[in-house]
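Chemist: Provided herewith: entry.txt, compact mmCIF, C-alpha atoms.
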```txt
# COMPACT_ATOMS: atom_id res chain seq x y z
CA MET A 7 15.76 -10.93 9.67
CA GLN A 8 15.85 -9.03 6.35
CA THR A 9 13.96 -10.65 3.51
CA THR A 10 12.73 -10.23 -0.03
CA HIS A 11 9.24 -11.15 1.14
CA ASN A 12 6.72 -8.63 2.42
CA ALA A 13 4.83 -9.68 5.55
CA LEU A 14 1.43 -7.98 5.40
CA PRO A 15 -0.38 -6.88 8.53
CA ILE A 16 -4.16 -6.96 8.68
CA ALA A 17 -5.38 -4.22 6.32
CA PRO A 18 -6.58 -0.93 7.85
CA ARG A 19 -10.14 -1.40 6.56
CA ALA A 20 -10.38 -4.84 8.18
CA LEU A 21 -8.85 -3.49 11.39
CA LYS A 22 -11.49 -0.79 11.54
CA ASP A 23 -14.18 -3.47 11.34
CA LEU A 24 -12.46 -5.80 13.81
CA ARG A 25 -12.10 -3.06 16.42
CA THR A 26 -15.91 -2.94 16.61
CA THR A 27 -17.17 -6.42 15.67
CA ASP A 28 -15.01 -9.43 14.87
CA ASP A 29 -15.45 -11.83 11.94
CA ALA A 30 -17.51 -14.16 14.16
CA GLY A 31 -20.00 -11.34 14.74
CA ARG A 32 -19.01 -10.73 18.37
CA PRO A 33 -18.35 -7.25 19.81
CA THR A 34 -14.65 -6.56 20.32
CA THR A 35 -13.66 -5.87 23.91
CA PRO A 36 -10.36 -4.01 24.44
CA PHE A 37 -8.19 -4.67 27.49
CA THR A 38 -4.83 -3.59 28.86
CA ASP A 39 -2.02 -6.07 28.23
CA THR A 40 -0.35 -5.83 31.63
CA GLU A 41 2.46 -8.26 30.81
CA GLY A 42 3.07 -7.45 27.14
CA GLY A 43 4.15 -9.96 24.53
CA ALA A 44 0.92 -10.52 22.58
CA PRO A 45 1.71 -10.82 18.84
CA LEU A 46 -0.08 -7.85 17.27
CA ARG A 47 -1.29 -8.45 13.70
CA CYS A 48 -1.86 -4.74 13.03
CA CYS A 49 1.78 -3.70 13.35
CA LEU A 50 3.52 -7.10 13.33
CA ARG A 51 5.29 -6.70 16.66
CA ARG A 52 4.76 -7.84 20.21
CA ALA A 53 2.69 -5.69 22.57
CA GLU A 54 4.45 -3.66 25.22
CA PRO A 55 3.24 -3.90 28.84
CA GLY A 56 0.36 -1.49 29.41
CA GLU A 57 -0.81 -1.25 25.77
CA ARG A 58 -4.54 -1.40 25.03
CA ILE A 59 -5.21 -4.35 22.76
CA ALA A 60 -8.09 -6.61 21.75
CA LEU A 61 -8.47 -10.27 20.87
CA ALA A 62 -10.72 -10.66 17.84
CA SER A 63 -11.79 -13.53 15.61
CA TYR A 64 -10.40 -12.93 12.10
CA ALA A 65 -11.06 -14.72 8.79
CA PRO A 66 -8.02 -13.83 6.63
CA LEU A 67 -8.76 -16.12 3.69
CA ARG A 68 -12.41 -15.03 3.55
CA ARG A 69 -11.39 -11.37 3.35
CA TRP A 70 -8.70 -12.05 0.71
CA ALA A 71 -11.13 -14.16 -1.35
CA SER A 72 -13.84 -11.49 -1.23
CA GLU A 73 -11.37 -8.96 -2.71
CA ARG A 74 -10.98 -11.31 -5.68
CA GLY A 75 -14.52 -12.55 -6.04
CA VAL A 76 -13.66 -16.17 -5.24
CA ASP A 77 -15.15 -18.57 -2.71
CA PRO A 78 -12.65 -20.36 -0.46
CA GLY A 79 -15.32 -22.93 0.38
CA ALA A 80 -14.43 -25.22 3.24
CA TYR A 81 -10.98 -23.61 3.53
CA ASP A 82 -12.58 -20.50 5.01
CA GLU A 83 -11.65 -20.40 8.66
CA GLN A 84 -11.44 -17.83 11.40
CA GLY A 85 -9.32 -17.63 14.48
CA PRO A 86 -8.06 -15.36 17.22
CA VAL A 87 -5.72 -12.44 16.54
CA PHE A 88 -4.42 -9.68 18.79
CA ILE A 89 -4.70 -6.11 17.49
CA HIS A 90 -4.26 -2.68 18.99
CA ALA A 91 -7.55 -1.41 20.45
CA GLU A 92 -7.02 1.88 18.59
CA GLU A 93 -5.43 2.72 15.24
CA CYS A 94 -1.65 2.29 15.20
CA GLY A 95 1.14 3.19 12.80
CA GLY A 96 1.54 -0.30 11.35
CA PRO A 97 4.86 -2.11 10.92
CA ASP A 98 8.05 -0.11 11.25
CA THR A 99 10.42 -2.64 9.69
CA ASP A 100 10.71 -4.86 6.62
CA ALA A 101 12.03 -7.75 8.71
CA LEU A 102 9.87 -10.87 8.89
CA PRO A 103 8.10 -10.85 12.25
CA PHE A 104 7.45 -13.65 14.71
CA THR A 105 10.18 -15.99 13.46
CA ASN A 106 11.25 -16.99 16.97
CA SER A 107 9.27 -20.22 17.10
CA HIS A 108 8.06 -23.07 14.90
CA ARG A 109 5.83 -21.83 12.09
CA THR A 110 3.68 -23.30 9.37
CA VAL A 111 3.86 -21.72 5.92
CA ARG A 112 0.51 -22.56 4.30
CA ARG A 113 0.09 -22.09 0.54
CA TYR A 114 -3.12 -21.09 -1.28
CA SER A 115 -4.17 -20.98 -4.93
CA ALA A 116 -5.84 -18.03 -6.68
CA GLU A 117 -9.15 -19.82 -5.97
CA GLY A 118 -8.46 -19.89 -2.22
CA ARG A 119 -7.68 -23.61 -2.01
CA ILE A 120 -4.87 -25.00 0.14
CA LEU A 121 -1.98 -26.25 -1.98
CA GLY A 122 0.15 -27.54 0.86
CA GLY A 123 2.42 -26.19 3.48
CA ARG A 124 5.71 -26.49 5.23
CA LEU A 125 6.71 -26.74 8.86
CA VAL A 126 9.52 -24.30 9.64
CA THR A 127 11.57 -25.08 12.74
CA GLU A 128 14.44 -22.59 12.37
CA PRO A 129 13.97 -18.79 12.20
CA ALA A 130 16.28 -18.42 9.19
CA ALA A 131 14.20 -20.93 7.22
CA VAL A 132 11.03 -18.79 7.08
CA ASP A 133 12.33 -16.73 4.16
CA GLU A 134 13.47 -19.91 2.40
CA ALA A 135 10.01 -21.47 2.88
CA LEU A 136 8.36 -18.38 1.39
CA THR A 137 10.71 -18.47 -1.62
CA GLU A 138 9.96 -22.17 -2.07
CA ALA A 139 6.22 -21.49 -1.91
CA PHE A 140 6.30 -18.78 -4.59
CA ASP A 141 8.54 -20.89 -6.83
CA ASP A 142 5.31 -22.78 -7.51
CA PRO A 143 3.38 -20.64 -10.05
CA ALA A 144 0.05 -21.95 -8.69
CA VAL A 145 0.68 -20.31 -5.29
CA GLU A 146 -0.98 -16.92 -4.99
CA LEU A 147 -1.02 -16.38 -1.24
CA VAL A 148 0.81 -17.70 1.80
CA HIS A 149 -0.26 -17.62 5.44
CA VAL A 150 2.37 -17.84 8.15
CA ARG A 151 0.83 -19.42 11.24
CA ALA A 152 1.84 -20.41 14.74
CA VAL A 153 2.25 -24.16 15.14
CA GLU A 154 1.18 -24.35 18.78
CA TYR A 155 -2.32 -22.92 18.29
CA GLY A 156 -2.62 -22.63 14.49
CA CYS A 157 -3.15 -18.87 14.78
CA PHE A 158 -2.76 -16.69 11.72
CA LEU A 159 0.27 -14.39 12.06
CA TYR A 160 0.51 -12.66 8.67
CA GLU A 161 0.19 -13.20 4.95
CA VAL A 162 2.50 -12.81 1.98
CA ARG A 163 0.98 -12.26 -1.46
CA ARG A 164 2.43 -13.05 -4.86
CA ASP A 165 1.51 -9.58 -6.18
CA GLN A 166 3.55 -8.09 -3.32
CA GLU A 167 6.49 -10.28 -4.36
CA VAL A 168 6.31 -9.07 -7.96
CA ARG A 169 6.08 -5.42 -6.93
CA ARG A 170 9.07 -5.70 -4.59
CA ASP A 171 11.07 -7.61 -7.23
CA GLN A 172 10.40 -4.82 -9.74
CA GLU A 173 11.49 -2.18 -7.21
CA VAL A 174 14.78 -4.02 -6.66
CA ARG A 175 15.46 -4.16 -10.41
CA ARG A 176 14.94 -0.40 -10.77
CA ASP A 177 17.58 0.40 -8.12
```
Using structure tokens, write down the structure that the file contains.
Modeler:
Amino acid sequence: MQTTHNALPIAPRALKDLRTTDDAGRPTTPFTDTEGGAPLRCCLRRAEPGERIALASYAPLRRWASERGVDPGAYDEQGPVFIHAEECGGPDTDALPFTNSHRTVRRYSAEGRILGGRLVTEPAAVDEALTEAFDDPAVELVHVRAVEYGCFLYEVRRDQEVRRDQEVRRD
């Protein structure tokens, strides 16, 4: 699905940390994904059978907030994410990933506070939900999460939206 929104994988610096020790302070233990299918947050695709991956606890809002010098307070949470065990090339498409199931689009303010969210039940509606979120000027960041387990899938940032919008206008 092509989109005007930019799904961001976990940043390389955070991935480097997570491949050693996760955000819960536990050592990361790589394993071989014999079946494939794990949603990788480093390259925003599903793992292929036989790939070396790891399951790590990740605190996306905490890391985003620390870049901005804000405290997300009680909204700081961490959860499991799959990543490649070794450095990978990152995403190879601009299409929104992981739209094949129900998703929650959770909105955050510049202070790291939840401003609401939306349940998305149709794949084509993910882009619409992101547009709706950023139509609210108070929304700075959006997390797309799995409904079944609440797992973080990827984020979309307002500053990424502006940059992409400016690139489109120059063309």
Chemist: Under the rule that all atoms listed in the file are counted, which of A:Asp39, A:Asp23, A:Ala80, A:His11 is the nearest residue to Arg164 (chain A)?
Modeler: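 Among the listed residues, A:His11 lies closest to Arg164 (chain A).
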Chemist: From the options A:Asp28, A:Ala20, A:Glu73, A:His90, which residue's atoms come nearest to Glu57 (chain A), counting all atoms listed in the file?
Modeler: A:His90
Chemist: In Å, with one decimal, what is the gap from CA of Thr10 (chain A) to CA of Gly123 (chain A)?
Modeler: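 Taking CA of Thr10 (chain A) as the start and CA of Gly123 (chain A) as the end point, the length is 19.3 Å.
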Chemist: Region 51-168 of chain A near region 31-37 of chain A within 10 Å: what's each residue's closest atom pair and its distance in Å to one decimal, counting all atoms listed in the file, ordered by chain then ascending residue number, as JSON lines?
Modeler:
```
{"residue": "A:Gly56", "atom": "CA", "partner": "A:Phe37", "partner_atom": "CA", "distance": 9.3}
{"residue": "A:Glu57", "atom": "CA", "partner": "A:Phe37", "partner_atom": "CA", "distance": 8.3}
{"residue": "A:Arg58", "atom": "CA", "partner": "A:Phe37", "partner_atom": "CA", "distance": 5.5}
{"residue": "A:Ile59", "atom": "CA", "partner": "A:Pro36", "partner_atom": "CA", "distance": 5.4}
{"residue": "A:Ala60", "atom": "CA", "partner": "A:Pro36", "partner_atom": "CA", "distance": 4.4}
{"residue": "A:Leu61", "atom": "CA", "partner": "A:Thr34", "partner_atom": "CA", "distance": 7.2}
{"residue": "A:Ala62", "atom": "CA", "partner": "A:Thr34", "partner_atom": "CA", "distance": 6.2}
{"residue": "A:Ser63", "atom": "CA", "partner": "A:Arg32", "partner_atom": "CA", "distance": 8.2}
{"residue": "A:Phe88", "atom": "CA", "partner": "A:Pro36", "partner_atom": "CA", "distance": 10.0}
{"residue": "A:Ile89", "atom": "CA", "partner": "A:Pro36", "partner_atom": "CA", "distance": 9.2}
{"residue": "A:His90", "atom": "CA", "partner": "A:Pro36", "partner_atom": "CA", "distance": 8.3}
{"residue": "A:Ala91", "atom": "CA", "partner": "A:Pro36", "partner_atom": "CA", "distance": 5.5}
{"residue": "A:Glu92", "atom": "CA", "partner": "A:Pro36", "partner_atom": "CA", "distance": 8.9}
```
Chemist: Choose the residue, out of A:Ala13, A:Leu121, A:Val132, A:Val87, that has the smallest atom-to-atom separation from Cys157 (chain A); count only C-alpha atoms.
Modeler: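 Using only C-alpha atoms, Cys157 (chain A) sits closest to A:Val87.
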Chemist: Counting all atoms listed in the file, which residue out of A:Arg25, A:Arg52, A:His149, A:Arg163 sits closest to Arg124 (chain A)?
Modeler: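 Closest to Arg124 (chain A) of all the choices is A:His149.
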Chemist: So that I can check the surroundings of Gly122 (chain A), please list as a ChimeraX atom specification every protein, DNA and RNA residue that reaches within 8 Å of it, counting only C-alpha atoms and ignoring chain neighbours fewer than 2 positions away.
Modeler: /A:112-114,120,124
Chemist: Identify, on the basis of all atoms listed in the file, every residue whose closest approach to Ala152 (chain A) does not exceed 7 Å; exclude the query and any residue fewer than 3 positions from it along the same chain; express the result as a PyMOL selection string.
Modeler: chain A and resi 108-110+155-159
Chemist: With all atoms listed in the file as the atoms that count, which of A:Asp98, A:Pro55, A:Phe140, A:Ile16 lies nearest to Leu67 (chain A)?
Modeler: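 Among A:Asp98, A:Pro55, A:Phe140, A:Ile16, it is A:Ile16 that comes nearest to Leu67 (chain A).
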Chemist: Could you state the separation of CA of Thr127 (chain A) and CA of Val111 (chain A) in Å, given to one decimal place?
Modeler: 10.8 Å
Chemist: In Å, with one decimal, what is the gap from CA of Asp77 (chain A) to CA of Tyr160 (chain A)?
Modeler: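 Computed distance, CA of Asp77 (chain A) to CA of Tyr160 (chain A), equals 20.2 Å.
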Chemist: So that I can see what lies close to Leu102 (chain A), please list as an mmCIF file with C-alpha atoms, in the frame of the given file the residues with an atom at most 12 Å from it, counting only C-alpha atoms and leaving out residues fewer than 6 positions away in the same chain.
Modeler:
```cif
data_model
loop_
_atom_site.group_PDB
_atom_site.id
_atom_site.type_symbol
_atom_site.label_atom_id
_atom_site.label_comp_id
_atom_site.auth_asym_id
_atom_site.auth_seq_id
_atom_site.Cartn_x
_atom_site.Cartn_y
_atom_site.Cartn_z
ATOM 1 C CA MET A 7 15.760 -10.930 9.670
ATOM 2 C CA GLN A 8 15.850 -9.030 6.350
ATOM 3 C CA THR A 9 13.960 -10.650 3.510
ATOM 4 C CA THR A 10 12.730 -10.230 -0.030
ATOM 5 C CA HIS A 11 9.240 -11.150 1.140
ATOM 6 C CA ASN A 12 6.720 -8.630 2.420
ATOM 7 C CA ALA A 13 4.830 -9.680 5.550
ATOM 8 C CA LEU A 14 1.430 -7.980 5.400
ATOM 9 C CA PRO A 15 -0.380 -6.880 8.530
ATOM 10 C CA CYS A 49 1.780 -3.700 13.350
ATOM 11 C CA LEU A 50 3.520 -7.100 13.330
ATOM 12 C CA ARG A 51 5.290 -6.700 16.660
ATOM 13 C CA PRO A 129 13.970 -18.790 12.200
ATOM 14 C CA ALA A 130 16.280 -18.420 9.190
ATOM 15 C CA ALA A 131 14.200 -20.930 7.220
ATOM 16 C CA VAL A 132 11.030 -18.790 7.080
ATOM 17 C CA ASP A 133 12.330 -16.730 4.160
ATOM 18 C CA GLU A 134 13.470 -19.910 2.400
ATOM 19 C CA LEU A 136 8.360 -18.380 1.390
ATOM 20 C CA VAL A 150 2.370 -17.840 8.150
ATOM 21 C CA LEU A 159 0.270 -14.390 12.060
ATOM 22 C CA TYR A 160 0.510 -12.660 8.670
ATOM 23 C CA GLU A 161 0.190 -13.200 4.950
ATOM 24 C CA VAL A 162 2.500 -12.810 1.980
#
```
Chemist: Which one of A:Leu24, A:Ala30, A:Leu46, A:Val153 sits closest to Pro97 (chain A) if you count all atoms listed in the file?
Modeler: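 Among the listed residues, A:Leu46 lies closest to Pro97 (chain A).
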